[in-house]
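Quick look at my_file23.cif (mmCIF, N, CA and C atoms):
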```
data_run
loop_
_atom_site.group_PDB
_atom_site.id
_atom_site.type_symbol
_atom_site.label_atom_id
_atom_site.label_comp_id
_atom_site.auth_asym_id
_atom_site.auth_seq_id
_atom_site.Cartn_x
_atom_site.Cartn_y
_atom_site.Cartn_z
ATOM 1 N N MET A 5 -6.838 7.374 -11.851
ATOM 2 C CA MET A 5 -7.236 6.141 -12.451
ATOM 3 C C MET A 5 -8.689 6.153 -12.878
ATOM 4 N N ASP A 6 -9.539 6.830 -12.086
ATOM 5 C CA ASP A 6 -10.940 6.862 -12.474
ATOM 6 C C ASP A 6 -11.276 8.069 -13.350
ATOM 7 N N GLY A 7 -10.240 8.810 -13.753
ATOM 8 C CA GLY A 7 -10.428 9.868 -14.731
ATOM 9 C C GLY A 7 -10.936 11.189 -14.199
ATOM 10 N N ASP A 8 -10.923 11.384 -12.878
ATOM 11 C CA ASP A 8 -11.453 12.641 -12.341
ATOM 12 C C ASP A 8 -10.368 13.622 -11.904
ATOM 13 N N ASN A 9 -9.140 13.385 -12.352
ATOM 14 C CA ASN A 9 -8.030 14.320 -12.153
ATOM 15 C C ASN A 9 -7.586 14.477 -10.704
ATOM 16 N N ASP A 10 -7.797 13.443 -9.901
ATOM 17 C CA ASP A 10 -7.268 13.463 -8.544
ATOM 18 C C ASP A 10 -7.012 12.041 -8.067
ATOM 19 N N ILE A 11 -6.278 11.932 -6.986
ATOM 20 C CA ILE A 11 -6.088 10.641 -6.322
ATOM 21 C C ILE A 11 -6.888 10.710 -5.032
ATOM 22 N N ASP A 12 -7.859 9.827 -4.913
ATOM 23 C CA ASP A 12 -8.708 9.816 -3.721
ATOM 24 C C ASP A 12 -9.106 8.377 -3.392
ATOM 25 N N GLN A 13 -10.017 8.243 -2.459
ATOM 26 C CA GLN A 13 -10.421 6.907 -2.008
ATOM 27 C C GLN A 13 -10.995 6.069 -3.151
ATOM 28 N N ASP A 14 -11.666 6.703 -4.089
ATOM 29 C CA ASP A 14 -12.202 5.952 -5.237
ATOM 30 C C ASP A 14 -11.070 5.266 -6.014
ATOM 31 N N ASP A 15 -9.969 5.979 -6.184
ATOM 32 C CA ASP A 15 -8.826 5.397 -6.892
ATOM 33 C C ASP A 15 -8.190 4.277 -6.080
ATOM 34 N N LEU A 16 -8.067 4.484 -4.786
ATOM 35 C CA LEU A 16 -7.508 3.430 -3.925
ATOM 36 C C LEU A 16 -8.389 2.188 -3.947
ATOM 37 N N ASP A 17 -9.704 2.387 -3.979
ATOM 38 C CA ASP A 17 -10.633 1.247 -4.062
ATOM 39 C C ASP A 17 -10.456 0.485 -5.373
ATOM 40 N N LEU A 18 -10.256 1.216 -6.464
ATOM 41 C CA LEU A 18 -10.012 0.552 -7.749
ATOM 42 C C LEU A 18 -8.739 -0.285 -7.690
ATOM 43 N N LEU A 19 -7.684 0.280 -7.140
ATOM 44 C CA LEU A 19 -6.429 -0.466 -7.034
ATOM 45 C C LEU A 19 -6.600 -1.727 -6.198
ATOM 46 N N SER A 20 -7.369 -1.631 -5.139
ATOM 47 C CA SER A 20 -7.628 -2.814 -4.320
ATOM 48 C C SER A 20 -8.371 -3.873 -5.121
ATOM 49 N N ALA A 21 -9.340 -3.446 -5.898
ATOM 50 C CA ALA A 21 -10.116 -4.390 -6.714
ATOM 51 C C ALA A 21 -9.265 -5.011 -7.813
ATOM 52 N N TRP A 22 -8.323 -4.268 -8.328
ATOM 53 C CA TRP A 22 -7.473 -4.739 -9.417
ATOM 54 C C TRP A 22 -6.242 -5.475 -8.935
ATOM 55 N N ASN A 23 -5.997 -5.506 -7.654
ATOM 56 C CA ASN A 23 -4.793 -6.121 -7.110
ATOM 57 C C ASN A 23 -4.623 -7.548 -7.654
ATOM 58 N N GLY A 24 -3.443 -7.811 -8.191
ATOM 59 C CA GLY A 24 -3.152 -9.141 -8.724
ATOM 60 C C GLY A 24 -3.356 -9.276 -10.219
ATOM 61 N N LEU A 25 -3.993 -8.301 -10.851
ATOM 62 C CA LEU A 25 -4.152 -8.369 -12.299
ATOM 63 C C LEU A 25 -2.817 -8.064 -12.977
ATOM 64 N N THR A 26 -2.583 -8.728 -14.104
ATOM 65 C CA THR A 26 -1.350 -8.506 -14.858
ATOM 66 C C THR A 26 -1.687 -8.236 -16.319
ATOM 67 N N SER A 27 -0.665 -7.829 -17.050
ATOM 68 C CA SER A 27 -0.853 -7.550 -18.469
ATOM 69 C C SER A 27 -1.235 -8.804 -19.255
ATOM 70 N N ALA A 28 -1.085 -9.973 -18.657
ATOM 71 C CA ALA A 28 -1.479 -11.227 -19.308
ATOM 72 C C ALA A 28 -2.978 -11.509 -19.157
ATOM 73 N N ASP A 29 -3.660 -10.786 -18.272
ATOM 74 C CA ASP A 29 -5.090 -11.005 -18.044
ATOM 75 C C ASP A 29 -5.923 -10.330 -19.128
ATOM 76 N N PHE A 30 -6.997 -11.006 -19.517
ATOM 77 C CA PHE A 30 -7.905 -10.477 -20.534
ATOM 78 C C PHE A 30 -8.460 -9.122 -20.116
ATOM 79 N N ASP A 31 -8.774 -8.953 -18.842
ATOM 80 C CA ASP A 31 -9.396 -7.717 -18.352
ATOM 81 C C ASP A 31 -8.434 -6.540 -18.277
ATOM 82 N N TRP A 32 -7.164 -6.748 -18.542
ATOM 83 C CA TRP A 32 -6.133 -5.712 -18.390
ATOM 84 C C TRP A 32 -6.483 -4.428 -19.143
ATOM 85 N N ILE A 33 -6.995 -4.562 -20.357
ATOM 86 C CA ILE A 33 -7.311 -3.386 -21.171
ATOM 87 C C ILE A 33 -8.816 -3.223 -21.412
ATOM 88 N N LYS A 34 -9.613 -3.994 -20.692
ATOM 89 C CA LYS A 34 -11.065 -3.948 -20.872
ATOM 90 C C LYS A 34 -11.687 -2.985 -19.855
ATOM 91 N N PRO A 35 -12.348 -1.926 -20.338
ATOM 92 C CA PRO A 35 -12.987 -0.997 -19.402
ATOM 93 C C PRO A 35 -14.158 -1.656 -18.667
ATOM 94 N N ASP A 36 -14.328 -1.276 -17.401
ATOM 95 C CA ASP A 36 -15.508 -1.728 -16.673
ATOM 96 C C ASP A 36 -16.693 -0.838 -17.053
ATOM 97 N N SER A 37 -17.818 -0.995 -16.403
ATOM 98 C CA SER A 37 -19.025 -0.254 -16.767
ATOM 99 C C SER A 37 -18.862 1.258 -16.591
ATOM 100 N N ALA A 38 -17.905 1.686 -15.769
ATOM 101 C CA ALA A 38 -17.646 3.115 -15.563
ATOM 102 C C ALA A 38 -16.501 3.618 -16.454
ATOM 103 N N GLY A 39 -15.927 2.730 -17.260
ATOM 104 C CA GLY A 39 -14.846 3.110 -18.154
ATOM 105 C C GLY A 39 -13.452 3.018 -17.555
ATOM 106 N N ASN A 40 -13.332 2.433 -16.374
ATOM 107 C CA ASN A 40 -12.038 2.290 -15.709
ATOM 108 C C ASN A 40 -11.304 1.057 -16.232
ATOM 109 N N VAL A 41 -10.012 1.220 -16.498
ATOM 110 C CA VAL A 41 -9.197 0.167 -17.105
ATOM 111 C C VAL A 41 -8.045 -0.191 -16.165
ATOM 112 N N PRO A 42 -7.890 -1.468 -15.803
ATOM 113 C CA PRO A 42 -6.817 -1.863 -14.893
ATOM 114 C C PRO A 42 -5.426 -1.399 -15.327
ATOM 115 N N LEU A 43 -5.153 -1.360 -16.622
ATOM 116 C CA LEU A 43 -3.864 -0.892 -17.120
ATOM 117 C C LEU A 43 -3.479 0.447 -16.485
ATOM 118 N N PHE A 44 -4.455 1.322 -16.283
ATOM 119 C CA PHE A 44 -4.181 2.643 -15.714
ATOM 120 C C PHE A 44 -3.798 2.575 -14.238
ATOM 121 N N GLY A 45 -4.020 1.439 -13.603
ATOM 122 C CA GLY A 45 -3.630 1.264 -12.212
ATOM 123 C C GLY A 45 -2.200 0.777 -12.048
ATOM 124 N N ASP A 46 -1.550 0.450 -13.148
ATOM 125 C CA ASP A 46 -0.162 -0.003 -13.103
ATOM 126 C C ASP A 46 0.749 1.226 -13.068
ATOM 127 N N LEU A 47 0.804 1.867 -11.925
ATOM 128 C CA LEU A 47 1.474 3.155 -11.800
ATOM 129 C C LEU A 47 2.981 3.079 -11.975
ATOM 130 N N ASP A 48 3.583 1.955 -11.647
ATOM 131 C CA ASP A 48 5.032 1.814 -11.818
ATOM 132 C C ASP A 48 5.392 1.117 -13.131
ATOM 133 N N ARG A 49 4.395 0.825 -13.940
ATOM 134 C CA ARG A 49 4.571 0.256 -15.280
ATOM 135 C C ARG A 49 5.416 -1.013 -15.304
ATOM 136 N N ASP A 50 5.150 -1.902 -14.330
ATOM 137 C CA ASP A 50 5.883 -3.171 -14.314
ATOM 138 C C ASP A 50 5.047 -4.340 -14.822
ATOM 139 N N GLY A 51 3.845 -4.063 -15.324
ATOM 140 C CA GLY A 51 3.031 -5.110 -15.925
ATOM 141 C C GLY A 51 2.022 -5.752 -15.008
ATOM 142 N N ASP A 52 1.895 -5.241 -13.785
ATOM 143 C CA ASP A 52 0.850 -5.758 -12.896
ATOM 144 C C ASP A 52 0.416 -4.670 -11.917
ATOM 145 N N VAL A 53 -0.746 -4.900 -11.327
ATOM 146 C CA VAL A 53 -1.258 -4.009 -10.277
ATOM 147 C C VAL A 53 -1.062 -4.747 -8.958
ATOM 148 N N ASN A 54 -0.298 -4.124 -8.067
ATOM 149 C CA ASN A 54 -0.013 -4.761 -6.789
ATOM 150 C C ASN A 54 0.170 -3.702 -5.704
ATOM 151 N N GLU A 55 0.706 -4.118 -4.584
ATOM 152 C CA GLU A 55 0.863 -3.213 -3.444
ATOM 153 C C GLU A 55 1.770 -2.028 -3.764
ATOM 154 N N ASP A 56 2.735 -2.223 -4.641
ATOM 155 C CA ASP A 56 3.617 -1.115 -5.015
ATOM 156 C C ASP A 56 2.828 0.023 -5.655
ATOM 157 N N ASP A 57 1.883 -0.326 -6.517
ATOM 158 C CA ASP A 57 1.043 0.685 -7.157
ATOM 159 C C ASP A 57 0.139 1.367 -6.131
ATOM 160 N N TYR A 58 -0.414 0.561 -5.227
ATOM 161 C CA TYR A 58 -1.257 1.121 -4.163
ATOM 162 C C TYR A 58 -0.449 2.099 -3.317
ATOM 163 N N ASP A 59 0.787 1.738 -2.991
ATOM 164 C CA ASP A 59 1.630 2.609 -2.168
ATOM 165 C C ASP A 59 1.905 3.944 -2.865
ATOM 166 N N ILE A 60 2.111 3.908 -4.171
ATOM 167 C CA ILE A 60 2.323 5.142 -4.932
ATOM 168 C C ILE A 60 1.084 6.026 -4.846
ATOM 169 N N ALA A 61 -0.081 5.428 -5.078
ATOM 170 C CA ALA A 61 -1.323 6.205 -5.031
ATOM 171 C C ALA A 61 -1.589 6.718 -3.621
ATOM 172 N N TYR A 62 -1.377 5.872 -2.629
ATOM 173 C CA TYR A 62 -1.629 6.270 -1.243
ATOM 174 C C TYR A 62 -0.745 7.449 -0.836
ATOM 175 N N ALA A 63 0.501 7.446 -1.286
ATOM 176 C CA ALA A 63 1.429 8.541 -0.975
ATOM 177 C C ALA A 63 0.978 9.857 -1.591
ATOM 178 N N ASN A 64 0.143 9.764 -2.625
ATOM 179 C CA ASN A 64 -0.350 10.954 -3.316
ATOM 180 C C ASN A 64 -1.841 11.179 -3.095
ATOM 181 N N ASN A 65 -2.402 10.496 -2.100
ATOM 182 C CA ASN A 65 -3.832 10.625 -1.805
ATOM 183 C C ASN A 65 -4.187 12.084 -1.543
ATOM 184 N N GLN A 66 -5.315 12.482 -2.052
ATOM 185 C CA GLN A 66 -5.852 13.850 -1.930
ATOM 186 C C GLN A 66 -5.053 14.868 -2.732
ATOM 187 N N THR A 67 -4.352 14.396 -3.768
ATOM 188 C CA THR A 67 -3.644 15.279 -4.687
ATOM 189 C C THR A 67 -4.432 15.343 -5.980
ATOM 190 N N ASP A 68 -4.555 16.555 -6.540
ATOM 191 C CA ASP A 68 -5.239 16.627 -7.832
ATOM 192 C C ASP A 68 -4.216 16.845 -8.939
ATOM 193 N N GLY A 69 -4.651 16.625 -10.166
ATOM 194 C CA GLY A 69 -3.757 16.673 -11.308
ATOM 195 C C GLY A 69 -3.219 18.054 -11.612
ATOM 196 N N ASP A 70 -3.789 19.074 -11.011
ATOM 197 C CA ASP A 70 -3.330 20.433 -11.257
ATOM 198 C C ASP A 70 -2.252 20.875 -10.274
ATOM 199 N N ALA A 71 -1.947 20.011 -9.286
ATOM 200 C CA ALA A 71 -0.969 20.397 -8.251
ATOM 201 C C ALA A 71 0.445 20.267 -8.741
#
```

If you took the structure in this file and wrote it as structure tokens, what would it be?
Amino acid sequence: MDGDNDIDQDDLDLLSAWNGLTSADFDWIKPDSAGNVPLFGDLDRDGDVNEDDYDIAYANNQTDGDA
């Protein structure tokens, strides 16, 4: 989610901060100052960031994109 090719605590922190955001929110596609976009936290593609997305990321914690 933060663009560094792995799932780690930084990504879990982003998901926690984005919890409750939906595709109806203005911030959904707006990058923050680091370029992170809540849309990328919607891991199950159901239109919101919630505990389900966090659970997916947590299950893959410490995995990099090359694995």

### Query
Within 8 Å of Asp6 in chain A, counting all atoms listed in the file, which residues qualify if same-chain residues fewer than 6 places away don't, as a list in words?
Asp12, Asp14, Asp15, Leu16, Leu18, Ala38, Gly39, Asn40, Val41, Phe44 and Gly45 of chain A

### Message
Could you tell me, as number ranges by chain, exactly which residues end up selected when the PyMOL selection byres ((chain A and resi 57) around 7) is applied to this structure?
### Response
A: 19, 45-48, 53-56, 58-62

### Task
Have a look at CA of Asp50 in chain A and CA of Gly24 in chain A and let me know their distance in Å, one decimal.
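Spanning CA of Asp50 in chain A to CA of Gly24 in chain A is a straight-line distance of 12.2 Å.
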
Any chance you could work out the residue set of the PyMOL selection byres (((chain A and resi 27 and name CA) around 7) and name CA) here, as a PDB file with N, CA and C atoms, keeping the file's coordinate frame?
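Writing the result to result_39.pdb gives the following:
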```
ATOM      1  N   THR A  26      -2.583  -8.728 -14.104  1.00  0.00           N
ATOM      2  CA  THR A  26      -1.350  -8.506 -14.858  1.00  0.00           C
ATOM      3  C   THR A  26      -1.687  -8.236 -16.319  1.00  0.00           C
ATOM      4  N   ALA A  28      -1.085  -9.973 -18.657  1.00  0.00           N
ATOM      5  CA  ALA A  28      -1.479 -11.227 -19.308  1.00  0.00           C
ATOM      6  C   ALA A  28      -2.978 -11.509 -19.157  1.00  0.00           C
ATOM      7  N   ASP A  29      -3.660 -10.786 -18.272  1.00  0.00           N
ATOM      8  CA  ASP A  29      -5.090 -11.005 -18.044  1.00  0.00           C
ATOM      9  C   ASP A  29      -5.923 -10.330 -19.128  1.00  0.00           C
ATOM     10  N   TRP A  32      -7.164  -6.748 -18.542  1.00  0.00           N
ATOM     11  CA  TRP A  32      -6.133  -5.712 -18.390  1.00  0.00           C
ATOM     12  C   TRP A  32      -6.483  -4.428 -19.143  1.00  0.00           C
ATOM     13  N   GLY A  51       3.845  -4.063 -15.324  1.00  0.00           N
ATOM     14  CA  GLY A  51       3.031  -5.110 -15.925  1.00  0.00           C
ATOM     15  C   GLY A  51       2.022  -5.752 -15.008  1.00  0.00           C
ATOM     16  N   ASP A  52       1.895  -5.241 -13.785  1.00  0.00           N
ATOM     17  CA  ASP A  52       0.850  -5.758 -12.896  1.00  0.00           C
ATOM     18  C   ASP A  52       0.416  -4.670 -11.917  1.00  0.00           C
TER      19      ASP A  52
END
```

### Query
How many Å separate atom C of Phe30 in chain A from atom N of Asp68 in chain A?
29.3 Å

### Task
Check chain A with DSSP on the backbone and list each residue it calls alpha helix (DSSP H), as a PyMOL selection string.
chain A and resi 13-22+55-63

### Task
Report the distance between CA of Asp17 in chain A and CA of Ala63 in chain A in Å, rounded to one decimal place.
14.4 Å

### Task
Just the residues within 8 Å of Thr67 in chain A, please, counting all atoms listed in the file, with nothing from its chain fewer than 2 positions along; format it as a list in words.
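Neighbouring residues, sequence-local ones excluded: Asn9, Asp10, Ile11, Asp12, Ala63, Asn64, Asn65, Gly69, Asp70 and Ala71 of chain A.
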
Residues just named, written with N, CA and C atoms as a PDB file, in the frame of the given file:
```pdb
ATOM      1  N   ASN A   9      -9.140  13.385 -12.352  1.00  0.00           N
ATOM      2  CA  ASN A   9      -8.030  14.320 -12.153  1.00  0.00           C
ATOM      3  C   ASN A   9      -7.586  14.477 -10.704  1.00  0.00           C
ATOM      4  N   ASP A  10      -7.797  13.443  -9.901  1.00  0.00           N
ATOM      5  CA  ASP A  10      -7.268  13.463  -8.544  1.00  0.00           C
ATOM      6  C   ASP A  10      -7.012  12.041  -8.067  1.00  0.00           C
ATOM      7  N   ILE A  11      -6.278  11.932  -6.986  1.00  0.00           N
ATOM      8  CA  ILE A  11      -6.088  10.641  -6.322  1.00  0.00           C
ATOM      9  C   ILE A  11      -6.888  10.710  -5.032  1.00  0.00           C
ATOM     10  N   ASP A  12      -7.859   9.827  -4.913  1.00  0.00           N
ATOM     11  CA  ASP A  12      -8.708   9.816  -3.721  1.00  0.00           C
ATOM     12  C   ASP A  12      -9.106   8.377  -3.392  1.00  0.00           C
ATOM     13  N   ALA A  63       0.501   7.446  -1.286  1.00  0.00           N
ATOM     14  CA  ALA A  63       1.429   8.541  -0.975  1.00  0.00           C
ATOM     15  C   ALA A  63       0.978   9.857  -1.591  1.00  0.00           C
ATOM     16  N   ASN A  64       0.143   9.764  -2.625  1.00  0.00           N
ATOM     17  CA  ASN A  64      -0.350  10.954  -3.316  1.00  0.00           C
ATOM     18  C   ASN A  64      -1.841  11.179  -3.095  1.00  0.00           C
ATOM     19  N   ASN A  65      -2.402  10.496  -2.100  1.00  0.00           N
ATOM     20  CA  ASN A  65      -3.832  10.625  -1.805  1.00  0.00           C
ATOM     21  C   ASN A  65      -4.187  12.084  -1.543  1.00  0.00           C
ATOM     22  N   GLY A  69      -4.651  16.625 -10.166  1.00  0.00           N
ATOM     23  CA  GLY A  69      -3.757  16.673 -11.308  1.00  0.00           C
ATOM     24  C   GLY A  69      -3.219  18.054 -11.612  1.00  0.00           C
ATOM     25  N   ASP A  70      -3.789  19.074 -11.011  1.00  0.00           N
ATOM     26  CA  ASP A  70      -3.330  20.433 -11.257  1.00  0.00           C
ATOM     27  C   ASP A  70      -2.252  20.875 -10.274  1.00  0.00           C
ATOM     28  N   ALA A  71      -1.947  20.011  -9.286  1.00  0.00           N
ATOM     29  CA  ALA A  71      -0.969  20.397  -8.251  1.00  0.00           C
ATOM     30  C   ALA A  71       0.445  20.267  -8.741  1.00  0.00           C
TER      31      ALA A  71
END
```

### Task
Using DSSP on the backbone, list every residue of chain A that comes out as strand (DSSP E), and give them as a list in words.
Asp10, Ile11, Thr67 and Asp68 of chain A

At a cut-off of 10 Å, using only C-alpha atoms, what residues contact Asp31 in chain A? Leave out same-chain residues fewer than 6 positions from it and give the result as a PDB file with N, CA and C atoms, in the coordinates of the input.
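Saved as part27.pdb:
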```pdb
ATOM      1  N   TRP A  22      -8.323  -4.268  -8.328  1.00  0.00           N
ATOM      2  CA  TRP A  22      -7.473  -4.739  -9.417  1.00  0.00           C
ATOM      3  C   TRP A  22      -6.242  -5.475  -8.935  1.00  0.00           C
ATOM      4  N   LEU A  25      -3.993  -8.301 -10.851  1.00  0.00           N
ATOM      5  CA  LEU A  25      -4.152  -8.369 -12.299  1.00  0.00           C
ATOM      6  C   LEU A  25      -2.817  -8.064 -12.977  1.00  0.00           C
ATOM      7  N   VAL A  41     -10.012   1.220 -16.498  1.00  0.00           N
ATOM      8  CA  VAL A  41      -9.197   0.167 -17.105  1.00  0.00           C
ATOM      9  C   VAL A  41      -8.045  -0.191 -16.165  1.00  0.00           C
ATOM     10  N   PRO A  42      -7.890  -1.468 -15.803  1.00  0.00           N
ATOM     11  CA  PRO A  42      -6.817  -1.863 -14.893  1.00  0.00           C
ATOM     12  C   PRO A  42      -5.426  -1.399 -15.327  1.00  0.00           C
ATOM     13  N   LEU A  43      -5.153  -1.360 -16.622  1.00  0.00           N
ATOM     14  CA  LEU A  43      -3.864  -0.892 -17.120  1.00  0.00           C
ATOM     15  C   LEU A  43      -3.479   0.447 -16.485  1.00  0.00           C
TER      16      LEU A  43
END
```
